[in-house]
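Q: Dumping the structure here so I can ask a few things about it.
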Amino acid sequence: MKMGATLEAITKLKEEGLARAIGVCNFNLLMIRHAVEDIGAPIAVHQVEYHPFLSQTPMLDYLRGKGIPMTAYAPLAQGRAAQDPVLARIGEKHSATAAQIAIAWLLDQEQVIAIPKAARPSSQRANLDALNIRLDDHDRAAIAALPKNLRYVDPPFAPNWEAATS
Ligand SMILES: NC(=O)c1ccc[n+]([C@@H]2O[C@H](COP(=O)([O-])OP(=O)(O)OC[C@H]3O[C@@H](n4cnc5c(N)ncnc54)[C@H](OP(=O)(O)O)[C@@H]3O)[C@@H](O)[C@H]2O)c1
């Protein structure tokens, strides 16, 4: 792995006050462990794809153990969550939309941050309002039963996402 020199250079920028914090994204478990444990980089946050249709349990367990928050990118599965019937049904109970339930589910989890992209002002407002939704155990169980292997951001240069997860 050749990330050492880069992370060391970025760490130096932080030490010199030129960077407030260091975040990384799209690291697999091997990479984040290497960055944190071998290189000792002060990682403030790790950004990965995370939504109701993709599990990030091993990554979350690791990051929580290190006190590093996880940012969920594509938290609406790039808009697909808005059409999901299970999320919509949960939404009816809370007078909310399926997209809002997806965001509420992410924010319900310890050390998870979500960054939905919304161009429409109505979506922006709805996503902020999702902060007020409180899911219950029935809702969480229904979302847990959704498929968890749907990854939508997977370019050819992506790392092996499953490395060291089993
Ligand atoms: N680090 C990385 O490799 C990486 C990779 C992918 C994405 N990201 C970042 O993650 C962020 C979000 O990802 P994303 O844009 O790919 O996917 P996303 O946030 O999951 O989905 C965006 C789509 O959802 C729609 N949407 C937003 N709020 C909605 C609502 N309340 N109801 C219905 N539809 C709603 C948006 O429509 P409108 O815009 O029309 O409202 C847009 O079509 C971005 O900042 C992106 O840069 C990072």
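Following the order of the structure tokens, chains are lettered A, B, ..., residues in each are numbered from 1, and ligands are numbered from 1.
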Output as a tab-separated table one row per residue of chain A within 7 Å of ligand 1: the closest atom pair and its distance in Å to one decimal place, counting only C-alpha atoms and all ligand atoms, sorted by chain and residue number ascending.

A:
residue	atom	partner	partner_atom_place_in_ligand_line	distance
A:Cys25	CA	ligand 1	1 (N)	5.5
A:Asn26	CA	ligand 1	3 (O)	6.1
A:Gln47	CA	ligand 1	1 (N)	6.0
A:Val48	CA	ligand 1	1 (N)	6.4
A:Glu49	CA	ligand 1	5 (C)	6.8
A:Tyr73	CA	ligand 1	10 (O)	3.9
A:Ala74	CA	ligand 1	20 (O)	3.2
A:Pro75	CA	ligand 1	20 (O)	4.2
A:Leu76	CA	ligand 1	20 (O)	3.3
A:Ala77	CA	ligand 1	20 (O)	4.2
A:Gln78	CA	ligand 1	21 (O)	3.3
A:Gly79	CA	ligand 1	24 (O)	3.4
A:Ala82	CA	ligand 1	33 (C)	5.0
A:Ala99	CA	ligand 1	32 (N)	5.0
A:Gln100	CA	ligand 1	31 (N)	5.9
A:Ile115	CA	ligand 1	11 (C)	5.2
A:Pro116	CA	ligand 1	19 (O)	3.4
A:Lys117	CA	ligand 1	19 (O)	3.9
A:Ala118	CA	ligand 1	39 (O)	3.5
A:Ala119	CA	ligand 1	39 (O)	3.6
A:Arg120	CA	ligand 1	41 (O)	4.0
A:Ser123	CA	ligand 1	31 (N)	3.9
A:Gln124	CA	ligand 1	28 (N)	6.2
A:Ala126	CA	ligand 1	31 (N)	5.0
A:Asn127	CA	ligand 1	31 (N)	5.1
A:Val153	CA	ligand 1	6 (C)	6.2

Q: So which residues of chain A fall under strand (DSSP E) by DSSP, listed as a VMD selection string?

A: chain A and resid 22 to 25 43 to 49 70 to 73 112 to 114

Q: Which of chain A end up as alpha helix (DSSP H) when DSSP is run on this backbone - answer as number ranges by chain?

A: A: 3-15, 29-33, 57-66, 85-93, 98-107, 121-129, 137-144

Q: So that I can check the surroundings of Thr57 of chain A, please list as number ranges by chain every protein, DNA and RNA residue that reaches within 12 Å of it, counting only C-alpha atoms and ignoring chain neighbours fewer than 5 positions away.

A: A: 29, 48, 50-52, 62-64, 70, 109-110, 112, 144, 148-149, 162, 165-166

Q: Separation of atom CA of Ala102 of chain A and atom CA of Ala130 of chain A, in Å?

A: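 Those two atoms sit 8.8 Å apart.
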
Q: When you count only C-alpha atoms, which of these residues is closest to Arg20 of chain A: A:Ala114, A:Pro155, A:Leu135, A:Ala44?

A: A:Ala44

Q: For Asn132 of chain A, which residue out of A:Ser55, A:Asn160, A:Gln111, A:Ser95 is the nearest one, using only C-alpha atoms?

A: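 Ranked by minimum distance to Asn132 of chain A, first place goes to A:Ser95.
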
Q: From the list A:Ile113, A:Met31, A:Leu128, A:Ala142, which residue is nearest Ile68 of chain A when using only C-alpha atoms?

A: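 Ranking A:Ile113, A:Met31, A:Leu128, A:Ala142 by distance to Ile68 of chain A, first place goes to A:Ile113.
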